[in-house]
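Structure file final-v4.cif with mmCIF, C-alpha atoms, pLDDT in the B column; chains and numbers go by the auth columns:
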```cif
data_structure
#
loop_
_atom_site.group_PDB
_atom_site.id
_atom_site.type_symbol
_atom_site.label_atom_id
_atom_site.label_comp_id
_atom_site.label_asym_id
_atom_site.label_seq_id
_atom_site.Cartn_x
_atom_site.Cartn_y
_atom_site.Cartn_z
_atom_site.B_iso_or_equiv
_atom_site.auth_seq_id
_atom_site.auth_asym_id
ATOM 1 C CA GLY A 1 2.754 -29.873 -17.745 69.00 1 A
ATOM 2 C CA GLN A 2 3.028 -27.814 -20.881 80.00 2 A
ATOM 3 C CA SER A 3 0.289 -27.840 -23.480 89.00 3 A
ATOM 4 C CA LEU A 4 -0.814 -25.801 -26.444 93.00 4 A
ATOM 5 C CA GLU A 5 -4.165 -26.438 -28.053 96.00 5 A
ATOM 6 C CA GLN A 6 -5.064 -25.485 -31.585 97.00 6 A
ATOM 7 C CA PRO A 7 -7.594 -26.923 -34.033 97.00 7 A
ATOM 8 C CA SER A 8 -6.230 -29.721 -36.167 95.00 8 A
ATOM 9 C CA GLU A 9 -7.840 -28.574 -39.413 97.00 9 A
ATOM 10 C CA VAL A 10 -9.430 -25.484 -40.908 97.00 10 A
ATOM 11 C CA THR A 11 -10.847 -25.071 -44.409 97.00 11 A
ATOM 12 C CA ALA A 12 -11.649 -21.865 -46.261 97.00 12 A
ATOM 13 C CA VAL A 13 -12.035 -20.467 -49.760 97.00 13 A
ATOM 14 C CA GLU A 14 -9.856 -18.008 -51.607 97.00 14 A
ATOM 15 C CA GLY A 15 -10.396 -14.434 -50.564 97.00 15 A
ATOM 16 C CA ALA A 16 -11.890 -15.368 -47.216 97.00 16 A
ATOM 17 C CA ILE A 17 -10.641 -14.606 -43.699 97.00 17 A
ATOM 18 C CA VAL A 18 -9.708 -17.366 -41.295 98.00 18 A
ATOM 19 C CA GLN A 19 -8.750 -17.327 -37.635 98.00 19 A
ATOM 20 C CA ILE A 20 -6.618 -20.031 -36.028 98.00 20 A
ATOM 21 C CA ASN A 21 -6.866 -20.101 -32.262 98.00 21 A
ATOM 22 C CA CYS A 22 -4.279 -21.213 -29.762 98.00 22 A
ATOM 23 C CA THR A 23 -4.699 -21.689 -26.046 97.00 23 A
ATOM 24 C CA TYR A 24 -1.722 -22.480 -23.904 95.00 24 A
ATOM 25 C CA GLN A 25 -0.918 -23.799 -20.485 93.00 25 A
ATOM 26 C CA THR A 26 2.781 -23.584 -19.697 86.00 26 A
ATOM 27 C CA SER A 27 4.887 -23.240 -16.581 83.00 27 A
ATOM 28 C CA GLY A 28 6.297 -19.981 -17.879 84.00 28 A
ATOM 29 C CA PHE A 29 5.296 -17.552 -20.592 87.00 29 A
ATOM 30 C CA TYR A 30 7.247 -14.835 -22.317 87.00 30 A
ATOM 31 C CA GLY A 31 5.636 -14.694 -25.733 90.00 31 A
ATOM 32 C CA LEU A 32 3.650 -16.446 -28.449 93.00 32 A
ATOM 33 C CA SER A 33 5.011 -17.062 -31.929 93.00 33 A
ATOM 34 C CA TRP A 34 3.430 -18.356 -35.098 96.00 34 A
ATOM 35 C CA TYR A 35 5.158 -20.443 -37.727 96.00 35 A
ATOM 36 C CA GLN A 36 4.011 -21.631 -41.145 97.00 36 A
ATOM 37 C CA GLN A 37 5.043 -24.944 -42.626 96.00 37 A
ATOM 38 C CA HIS A 38 4.222 -26.078 -46.138 95.00 38 A
ATOM 39 C CA ASP A 39 3.996 -29.798 -46.736 91.00 39 A
ATOM 40 C CA GLY A 40 7.490 -31.272 -46.667 85.00 40 A
ATOM 41 C CA GLY A 41 9.072 -27.904 -45.971 93.00 41 A
ATOM 42 C CA ALA A 42 10.717 -26.127 -43.093 95.00 42 A
ATOM 43 C CA PRO A 43 8.794 -24.034 -40.571 95.00 43 A
ATOM 44 C CA THR A 44 9.080 -20.311 -41.260 95.00 44 A
ATOM 45 C CA PHE A 45 8.540 -17.558 -38.726 93.00 45 A
ATOM 46 C CA LEU A 46 5.412 -15.440 -39.190 94.00 46 A
ATOM 47 C CA SER A 47 4.852 -13.297 -36.118 92.00 47 A
ATOM 48 C CA TYR A 48 5.390 -12.829 -32.402 90.00 48 A
ATOM 49 C CA ASN A 49 3.406 -11.319 -29.539 92.00 49 A
ATOM 50 C CA ALA A 50 4.867 -10.607 -26.138 89.00 50 A
ATOM 51 C CA LEU A 51 2.238 -8.061 -25.075 92.00 51 A
ATOM 52 C CA ASP A 52 -1.539 -8.125 -25.251 96.00 52 A
ATOM 53 C CA GLY A 53 -3.006 -6.879 -28.466 96.00 53 A
ATOM 54 C CA LEU A 54 -2.846 -7.211 -32.203 96.00 54 A
ATOM 55 C CA GLU A 55 0.270 -7.296 -34.358 93.00 55 A
ATOM 56 C CA GLU A 56 -0.268 -6.814 -38.081 93.00 56 A
ATOM 57 C CA THR A 57 2.090 -7.944 -40.822 88.00 57 A
ATOM 58 C CA GLY A 58 0.548 -7.601 -44.252 92.00 58 A
ATOM 59 C CA ARG A 59 -2.287 -10.085 -44.700 95.00 59 A
ATOM 60 C CA PHE A 60 -1.433 -11.801 -41.439 96.00 60 A
ATOM 61 C CA SER A 61 -2.217 -10.563 -37.946 96.00 61 A
ATOM 62 C CA SER A 62 -1.629 -12.147 -34.578 97.00 62 A
ATOM 63 C CA PHE A 63 -3.368 -11.451 -31.303 97.00 63 A
ATOM 64 C CA LEU A 64 -2.518 -12.237 -27.707 97.00 64 A
ATOM 65 C CA SER A 65 -4.428 -12.110 -24.441 97.00 65 A
ATOM 66 C CA ARG A 66 -2.110 -13.065 -21.621 95.00 66 A
ATOM 67 C CA SER A 67 -4.883 -13.036 -19.035 95.00 67 A
ATOM 68 C CA ASP A 68 -6.828 -15.618 -21.066 96.00 68 A
ATOM 69 C CA SER A 69 -3.720 -17.606 -22.099 95.00 69 A
ATOM 70 C CA TYR A 70 -5.032 -17.281 -25.631 96.00 70 A
ATOM 71 C CA GLY A 71 -3.884 -16.088 -28.976 97.00 71 A
ATOM 72 C CA TYR A 72 -4.893 -16.318 -32.591 98.00 72 A
ATOM 73 C CA LEU A 73 -3.507 -15.927 -36.067 98.00 73 A
ATOM 74 C CA LEU A 74 -5.736 -14.105 -38.529 98.00 74 A
ATOM 75 C CA LEU A 75 -5.187 -14.646 -42.225 97.00 75 A
ATOM 76 C CA GLN A 76 -6.960 -12.294 -44.605 97.00 76 A
ATOM 77 C CA GLU A 77 -7.513 -12.360 -48.366 97.00 77 A
ATOM 78 C CA LEU A 78 -6.661 -16.029 -48.414 97.00 78 A
ATOM 79 C CA GLN A 79 -4.701 -17.367 -51.351 97.00 79 A
ATOM 80 C CA MET A 80 -4.133 -20.943 -52.458 97.00 80 A
ATOM 81 C CA LYS A 81 -0.495 -20.643 -51.419 96.00 81 A
ATOM 82 C CA ASP A 82 -1.631 -20.129 -47.812 98.00 82 A
ATOM 83 C CA SER A 83 -2.554 -23.822 -47.673 98.00 83 A
ATOM 84 C CA ALA A 84 -0.098 -25.067 -45.069 97.00 84 A
ATOM 85 C CA SER A 85 0.219 -26.027 -41.428 96.00 85 A
ATOM 86 C CA TYR A 86 0.338 -23.255 -38.863 97.00 86 A
ATOM 87 C CA PHE A 87 1.937 -23.722 -35.475 96.00 87 A
ATOM 88 C CA CYS A 88 1.716 -21.591 -32.395 96.00 88 A
ATOM 89 C CA ALA A 89 4.743 -21.733 -30.120 94.00 89 A
ATOM 90 C CA VAL A 90 5.362 -20.457 -26.615 91.00 90 A
ATOM 91 C CA SER A 91 8.606 -18.991 -25.370 83.00 91 A
ATOM 92 C CA PRO A 92 8.478 -20.142 -21.742 78.00 92 A
ATOM 93 C CA ASN A 93 11.120 -17.774 -20.427 71.00 93 A
ATOM 94 C CA GLN A 94 12.924 -14.581 -21.320 61.00 94 A
ATOM 95 C CA ALA A 95 15.857 -16.459 -22.733 57.00 95 A
ATOM 96 C CA GLY A 96 13.296 -17.957 -25.061 49.00 96 A
ATOM 97 C CA THR A 97 15.444 -20.902 -25.787 62.00 97 A
ATOM 98 C CA ALA A 98 13.117 -23.842 -25.964 73.00 98 A
ATOM 99 C CA LEU A 99 10.112 -23.043 -28.109 85.00 99 A
ATOM 100 C CA ILE A 100 7.168 -25.228 -27.156 89.00 100 A
ATOM 101 C CA PHE A 101 5.109 -25.900 -30.258 92.00 101 A
ATOM 102 C CA GLY A 102 1.462 -26.772 -30.626 93.00 102 A
ATOM 103 C CA LYS A 103 0.605 -29.715 -32.852 93.00 103 A
ATOM 104 C CA GLY A 104 -0.335 -27.472 -35.716 95.00 104 A
ATOM 105 C CA THR A 105 -3.421 -26.526 -37.697 96.00 105 A
ATOM 106 C CA THR A 106 -3.694 -27.645 -41.298 96.00 106 A
ATOM 107 C CA LEU A 107 -5.285 -24.925 -43.401 98.00 107 A
ATOM 108 C CA SER A 108 -6.771 -25.927 -46.735 97.00 108 A
ATOM 109 C CA VAL A 109 -7.718 -23.118 -49.095 97.00 109 A
ATOM 110 C CA SER A 110 -9.910 -23.974 -52.050 96.00 110 A
ATOM 111 C CA SER A 111 -10.932 -21.960 -55.085 93.00 111 A
ATOM 112 C CA ASP B 1 15.815 -20.474 -48.482 86.00 112 B
ATOM 113 C CA SER B 2 16.547 -19.711 -44.827 87.00 113 B
ATOM 114 C CA GLY B 3 20.319 -19.972 -45.183 94.00 114 B
ATOM 115 C CA VAL B 4 20.458 -22.960 -42.817 97.00 115 B
ATOM 116 C CA THR B 5 21.766 -26.114 -44.438 97.00 116 B
ATOM 117 C CA GLN B 6 21.301 -29.688 -43.293 98.00 117 B
ATOM 118 C CA THR B 7 22.779 -32.913 -44.567 98.00 118 B
ATOM 119 C CA PRO B 8 21.830 -35.492 -45.496 98.00 119 B
ATOM 120 C CA LYS B 9 18.337 -34.803 -46.780 97.00 120 B
ATOM 121 C CA HIS B 10 17.246 -38.402 -46.373 97.00 121 B
ATOM 122 C CA LEU B 11 18.688 -41.216 -44.311 97.00 122 B
ATOM 123 C CA ILE B 12 17.556 -44.827 -44.179 98.00 123 B
ATOM 124 C CA THR B 13 19.142 -47.107 -41.636 98.00 124 B
ATOM 125 C CA ALA B 14 18.450 -50.182 -39.553 98.00 125 B
ATOM 126 C CA THR B 15 17.535 -50.528 -35.914 98.00 126 B
ATOM 127 C CA GLY B 16 20.498 -50.498 -33.578 98.00 127 B
ATOM 128 C CA GLN B 17 22.605 -48.349 -35.856 98.00 128 B
ATOM 129 C CA ARG B 18 24.102 -44.923 -35.240 98.00 129 B
ATOM 130 C CA VAL B 19 23.792 -41.877 -37.496 98.00 130 B
ATOM 131 C CA THR B 20 25.057 -38.306 -37.526 98.00 131 B
ATOM 132 C CA LEU B 21 23.035 -35.387 -38.816 98.00 132 B
ATOM 133 C CA ARG B 22 24.815 -32.195 -39.735 98.00 133 B
ATOM 134 C CA CYS B 23 23.695 -28.582 -39.650 98.00 134 B
ATOM 135 C CA SER B 24 25.318 -25.343 -40.753 98.00 135 B
ATOM 136 C CA PRO B 25 23.616 -22.232 -39.351 96.00 136 B
ATOM 137 C CA ARG B 26 23.035 -18.985 -41.205 96.00 137 B
ATOM 138 C CA SER B 27 26.116 -16.850 -41.523 94.00 138 B
ATOM 139 C CA GLY B 28 26.520 -14.876 -38.299 91.00 139 B
ATOM 140 C CA ASP B 29 24.102 -16.951 -36.230 93.00 140 B
ATOM 141 C CA LEU B 30 25.564 -18.238 -32.999 91.00 141 B
ATOM 142 C CA SER B 31 22.632 -20.299 -31.724 91.00 142 B
ATOM 143 C CA VAL B 32 21.677 -23.689 -33.099 94.00 143 B
ATOM 144 C CA TYR B 33 18.554 -25.602 -32.100 94.00 144 B
ATOM 145 C CA TRP B 34 17.569 -29.170 -32.908 96.00 145 B
ATOM 146 C CA TYR B 35 13.947 -30.294 -33.230 96.00 146 B
ATOM 147 C CA GLN B 36 12.302 -33.617 -33.956 96.00 147 B
ATOM 148 C CA GLN B 37 9.038 -33.684 -35.888 95.00 148 B
ATOM 149 C CA SER B 38 6.902 -36.783 -35.970 91.00 149 B
ATOM 150 C CA LEU B 39 3.246 -37.193 -36.891 81.00 150 B
ATOM 151 C CA ASP B 40 2.073 -38.018 -33.397 76.00 151 B
ATOM 152 C CA GLN B 41 4.323 -35.719 -31.361 75.00 152 B
ATOM 153 C CA GLY B 42 4.571 -32.641 -33.536 83.00 153 B
ATOM 154 C CA LEU B 43 7.650 -30.418 -33.292 91.00 154 B
ATOM 155 C CA GLN B 44 9.659 -31.287 -30.199 93.00 155 B
ATOM 156 C CA PHE B 45 12.626 -29.258 -29.013 92.00 156 B
ATOM 157 C CA LEU B 46 15.683 -31.415 -28.411 94.00 157 B
ATOM 158 C CA ILE B 47 18.667 -29.238 -27.575 93.00 158 B
ATOM 159 C CA GLN B 48 20.199 -25.796 -28.110 91.00 159 B
ATOM 160 C CA TYR B 49 23.786 -24.634 -28.428 92.00 160 B
ATOM 161 C CA TYR B 50 25.096 -21.111 -28.326 90.00 161 B
ATOM 162 C CA ASN B 51 28.607 -20.354 -29.518 92.00 162 B
ATOM 163 C CA GLY B 52 29.770 -23.869 -28.771 93.00 163 B
ATOM 164 C CA GLU B 53 28.127 -24.313 -25.400 93.00 164 B
ATOM 165 C CA GLU B 54 25.013 -26.265 -24.536 91.00 165 B
ATOM 166 C CA ARG B 55 22.309 -23.820 -23.451 88.00 166 B
ATOM 167 C CA ALA B 56 19.078 -25.751 -23.102 87.00 167 B
ATOM 168 C CA LYS B 57 17.858 -29.307 -23.222 88.00 168 B
ATOM 169 C CA GLY B 58 14.420 -30.523 -24.083 88.00 169 B
ATOM 170 C CA ASN B 59 13.061 -34.026 -24.308 83.00 170 B
ATOM 171 C CA ILE B 60 16.252 -35.437 -25.746 92.00 171 B
ATOM 172 C CA LEU B 61 16.847 -39.128 -25.212 95.00 172 B
ATOM 173 C CA GLU B 62 20.081 -40.321 -23.618 96.00 173 B
ATOM 174 C CA ARG B 63 20.816 -42.183 -26.866 97.00 174 B
ATOM 175 C CA PHE B 64 20.973 -38.804 -28.608 97.00 175 B
ATOM 176 C CA SER B 65 23.770 -36.284 -28.269 97.00 176 B
ATOM 177 C CA ALA B 66 24.841 -33.142 -30.034 97.00 177 B
ATOM 178 C CA GLN B 67 27.683 -30.692 -30.233 97.00 178 B
ATOM 179 C CA GLN B 68 28.520 -27.387 -31.827 97.00 179 B
ATOM 180 C CA PHE B 69 31.970 -26.957 -33.292 97.00 180 B
ATOM 181 C CA PRO B 70 34.226 -23.852 -33.358 96.00 181 B
ATOM 182 C CA ASP B 71 33.066 -23.057 -36.896 95.00 182 B
ATOM 183 C CA LEU B 72 29.513 -23.083 -35.439 96.00 183 B
ATOM 184 C CA HIS B 73 28.234 -26.039 -37.395 97.00 184 B
ATOM 185 C CA SER B 74 26.446 -28.614 -35.292 98.00 185 B
ATOM 186 C CA GLU B 75 25.990 -32.358 -35.353 98.00 186 B
ATOM 187 C CA LEU B 76 23.240 -34.462 -33.833 98.00 187 B
ATOM 188 C CA ASN B 77 24.226 -38.035 -33.095 98.00 188 B
ATOM 189 C CA LEU B 78 21.540 -40.673 -32.767 98.00 189 B
ATOM 190 C CA SER B 79 22.561 -44.104 -31.560 98.00 190 B
ATOM 191 C CA SER B 80 20.950 -47.480 -30.875 98.00 191 B
ATOM 192 C CA LEU B 81 18.238 -46.415 -33.245 98.00 192 B
ATOM 193 C CA GLU B 82 14.705 -47.664 -32.795 97.00 193 B
ATOM 194 C CA LEU B 83 11.767 -47.677 -35.176 96.00 194 B
ATOM 195 C CA GLY B 84 10.211 -44.847 -33.167 94.00 195 B
ATOM 196 C CA ASP B 85 13.134 -42.576 -33.965 96.00 196 B
ATOM 197 C CA SER B 86 11.918 -42.295 -37.544 96.00 197 B
ATOM 198 C CA ALA B 87 11.068 -38.631 -37.950 96.00 198 B
ATOM 199 C CA LEU B 88 12.015 -35.377 -39.584 97.00 199 B
ATOM 200 C CA TYR B 89 14.880 -33.686 -37.753 98.00 200 B
ATOM 201 C CA PHE B 90 15.178 -29.943 -38.110 97.00 201 B
ATOM 202 C CA CYS B 91 17.992 -27.660 -37.224 97.00 202 B
ATOM 203 C CA ALA B 92 17.272 -23.977 -36.653 95.00 203 B
ATOM 204 C CA SER B 93 19.527 -21.037 -35.970 93.00 204 B
ATOM 205 C CA SER B 94 19.301 -17.526 -34.607 89.00 205 B
ATOM 206 C CA VAL B 95 21.652 -14.664 -33.982 82.00 206 B
ATOM 207 C CA ARG B 96 21.045 -14.330 -30.278 73.00 207 B
ATOM 208 C CA ASP B 97 21.055 -16.739 -27.394 68.00 208 B
ATOM 209 C CA GLY B 98 17.481 -17.880 -27.336 65.00 209 B
ATOM 210 C CA THR B 99 14.921 -16.106 -29.442 71.00 210 B
ATOM 211 C CA TYR B 100 11.448 -16.676 -30.740 79.00 211 B
ATOM 212 C CA GLU B 101 12.542 -15.946 -34.331 85.00 212 B
ATOM 213 C CA GLN B 102 14.384 -19.003 -35.476 90.00 213 B
ATOM 214 C CA TYR B 103 15.386 -19.916 -39.019 93.00 214 B
ATOM 215 C CA PHE B 104 14.828 -23.554 -39.872 96.00 215 B
ATOM 216 C CA GLY B 105 16.813 -25.707 -42.245 97.00 216 B
ATOM 217 C CA PRO B 106 15.156 -28.068 -44.748 97.00 217 B
ATOM 218 C CA GLY B 107 15.388 -31.014 -42.368 97.00 218 B
ATOM 219 C CA THR B 108 16.732 -34.545 -42.497 98.00 219 B
ATOM 220 C CA ARG B 109 14.180 -37.297 -42.914 97.00 220 B
ATOM 221 C CA LEU B 110 15.330 -40.327 -40.950 97.00 221 B
ATOM 222 C CA THR B 111 13.764 -43.699 -41.597 97.00 222 B
ATOM 223 C CA VAL B 112 14.688 -46.563 -39.297 97.00 223 B
ATOM 224 C CA THR B 113 13.795 -49.999 -40.657 97.00 224 B
#
```

Now that the file is in, can you turn its structure into structure tokens?
Amino acid sequence: GQSLEQPSEVTAVEGAIVQINCTYQTSGFYGLSWYQQHDGGAPTFLSYNALDGLEETGRFSSFLSRSDSYGYLLLQELQMKDSASYFCAVSPNQAGTALIFGKGTTLSVSS
Amino acid sequence: DSGVTQTPKHLITATGQRVTLRCSPRSGDLSVYWYQQSLDQGLQFLIQYYNGEERAKGNILERFSAQQFPDLHSELNLSSLELGDSALYFCASSVRDGTYEQYFGPGTRLTVT
């Protein structure tokens, strides 16, 4: 079967750093993506890792370890507007057609 | 605003009915994907079209069908609706045939009563 595991909820305060982990078990793997979704909104693409290592995009970074079937999204200098759900998603093949999404992690940032 | 449009925004209908959801991809995007999001199942991939042709199928029920027209807009048809079909339906688009970077529309919230 195909499964992605991520924590259901994470809480943090403004200015802090938070890490959202994702472990996956899929029949194929080409890359790991992260999407952000605000309540009632559409998912928006944040980052993608196809190779092991860290990818940095502003305050957000994403990491992948293919050997451990594990990745994480690191959010730094948290702001209230970062309160949202974060989904990891696996591209199971090179064509990358069918993204397999985790169930999402709800991040709550307080002041 | 991703540039992907979906209509209608909300839809309320009764069990057994049939509805059509419409999606217009971003200008220049050839691929359209449909997803269903419910509280218990999360985001589930339904089907993908590329330049008018079906490219991939996910866990799409036989009661559901989709197509992509020559102008690249797409429609998702849901028939014999059941209470469990109540969900948020998203359309996403991308330039290439299958990519991790997809642009999602605002979604259609379907409520089956």

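Note that CA of Thr126 in chain B and CA of Phe175 in chain B are 14.2 Å apart.
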
Within 9 Å of chain A: each chain B residue with its shortest pair, all atoms listed in the file, as JSON lines:
```
{"residue": "B:Ser113", "atom": "CA", "partner": "A:Thr44", "partner_atom": "CA", "distance": 8.3}
{"residue": "B:Tyr144", "atom": "CA", "partner": "A:Ala98", "partner_atom": "CA", "distance": 8.4}
{"residue": "B:Leu150", "atom": "CA", "partner": "A:Lys103", "partner_atom": "CA", "distance": 8.9}
{"residue": "B:Asp151", "atom": "CA", "partner": "A:Lys103", "partner_atom": "CA", "distance": 8.4}
{"residue": "B:Gln152", "atom": "CA", "partner": "A:Lys103", "partner_atom": "CA", "distance": 7.2}
{"residue": "B:Gly153", "atom": "CA", "partner": "A:Lys103", "partner_atom": "CA", "distance": 5.0}
{"residue": "B:Leu154", "atom": "CA", "partner": "A:Phe101", "partner_atom": "CA", "distance": 6.0}
{"residue": "B:Gln155", "atom": "CA", "partner": "A:Phe101", "partner_atom": "CA", "distance": 7.1}
{"residue": "B:Phe156", "atom": "CA", "partner": "A:Ala98", "partner_atom": "CA", "distance": 6.2}
{"residue": "B:Leu157", "atom": "CA", "partner": "A:Ala98", "partner_atom": "CA", "distance": 8.4}
{"residue": "B:Ile158", "atom": "CA", "partner": "A:Ala98", "partner_atom": "CA", "distance": 7.9}
{"residue": "B:Gln159", "atom": "CA", "partner": "A:Thr97", "partner_atom": "CA", "distance": 7.2}
{"residue": "B:Arg166", "atom": "CA", "partner": "A:Thr97", "partner_atom": "CA", "distance": 7.8}
{"residue": "B:Ala167", "atom": "CA", "partner": "A:Thr97", "partner_atom": "CA", "distance": 6.6}
{"residue": "B:Lys168", "atom": "CA", "partner": "A:Ala98", "partner_atom": "CA", "distance": 7.7}
{"residue": "B:Gly169", "atom": "CA", "partner": "A:Ala98", "partner_atom": "CA", "distance": 7.1}
{"residue": "B:Phe201", "atom": "CA", "partner": "A:Ala42", "partner_atom": "CA", "distance": 7.7}
{"residue": "B:Asp208", "atom": "CA", "partner": "A:Ala95", "partner_atom": "CA", "distance": 7.0}
{"residue": "B:Gly209", "atom": "CA", "partner": "A:Thr97", "partner_atom": "CA", "distance": 4.0}
{"residue": "B:Thr210", "atom": "CA", "partner": "A:Gly96", "partner_atom": "CA", "distance": 5.0}
{"residue": "B:Tyr211", "atom": "CA", "partner": "A:Gly96", "partner_atom": "CA", "distance": 6.1}
{"residue": "B:Glu212", "atom": "CA", "partner": "A:Phe45", "partner_atom": "CA", "distance": 6.2}
{"residue": "B:Gln213", "atom": "CA", "partner": "A:Phe45", "partner_atom": "CA", "distance": 6.8}
{"residue": "B:Tyr214", "atom": "CA", "partner": "A:Thr44", "partner_atom": "CA", "distance": 6.7}
{"residue": "B:Phe215", "atom": "CA", "partner": "A:Ala42", "partner_atom": "CA", "distance": 5.8}
{"residue": "B:Gly216", "atom": "CA", "partner": "A:Ala42", "partner_atom": "CA", "distance": 6.2}
{"residue": "B:Pro217", "atom": "CA", "partner": "A:Ala42", "partner_atom": "CA", "distance": 5.1}
{"residue": "B:Gly218", "atom": "CA", "partner": "A:Ala42", "partner_atom": "CA", "distance": 6.8}
```

Q: Give as an MDAnalysis selection string the residues that the PyMOL selection byres ((chain A and resi 13) around 12) matches when applied to the coordinates above.
A: chainID A and resid 10:12 14:18 75:83 107:111

Q: Name the residues that the PyMOL selection byres ((chain A and resi 23) around 6) pulls out of this structure, and write them as an NGL selection string.
A: :A and (4-5 or 22 or 24 or 69-70)

Q) Counting only C-alpha atoms, which of B:Asn170, B:Gln178, B:Asn188, B:Ser138 gets nearest to Ser205 in chain B? A) B:Ser138

Q.
Report, in Å to a single decimal, how far apart CA of Phe180 in chain B and CA of Thr116 in chain B are.
A. 15.1 Å

Q) Excluding same-chain residues fewer than 5 positions from Ala198 in chain B, what lies within 8 Å of it counting all atoms listed in the file, as a list in words? A)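 The residues that qualify are Gln147, Gln148, Ser149, Arg220, Leu221 and Thr222 of chain B.
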
Take every atom of range 155-170 of chain B listed in the file, pad by 5 Å on each side, and give me the axis-aligned box centre and edge lengths in Å, one decimal, as AutoDock Vina command-line options.
```
--center_x 19.7 --center_y -27.2 --center_z -26.7 --size_x 30.1 --size_y 23.7 --size_z 17.1
```

Q: Figure out the distance between CA of Ser197 in chain B and CA of Arg133 in chain B, please, to one decimal in Å.
A: 16.5 Å

Q: Write out as a VMD selection string which residues come within 8 Å of Arg207 in chain B when counting only C-alpha atoms, dropping same-chain ones fewer than 3 positions away.
A: chain B and resid 140 to 142 210

Just the selected residues (C-alpha atoms), exported as a PDB file, in the frame of the given file, please.
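Once written, selection.pdb looks like this:
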```pdb
ATOM      1  CA  ASP B 140      24.102 -16.951 -36.230  1.00 93.00           C
ATOM      2  CA  LEU B 141      25.564 -18.238 -32.999  1.00 91.00           C
ATOM      3  CA  SER B 142      22.632 -20.299 -31.724  1.00 91.00           C
ATOM      4  CA  THR B 210      14.921 -16.106 -29.442  1.00 71.00           C
TER       5      THR B 210
END
```

(Q) Can you translate the PyMOL selection byres ((chain B and resi 190) around 8) into the concrete residues it hits in this file, as a PyMOL selection string? (A) chain B and resi 127-130+174-175+188-189+191-192
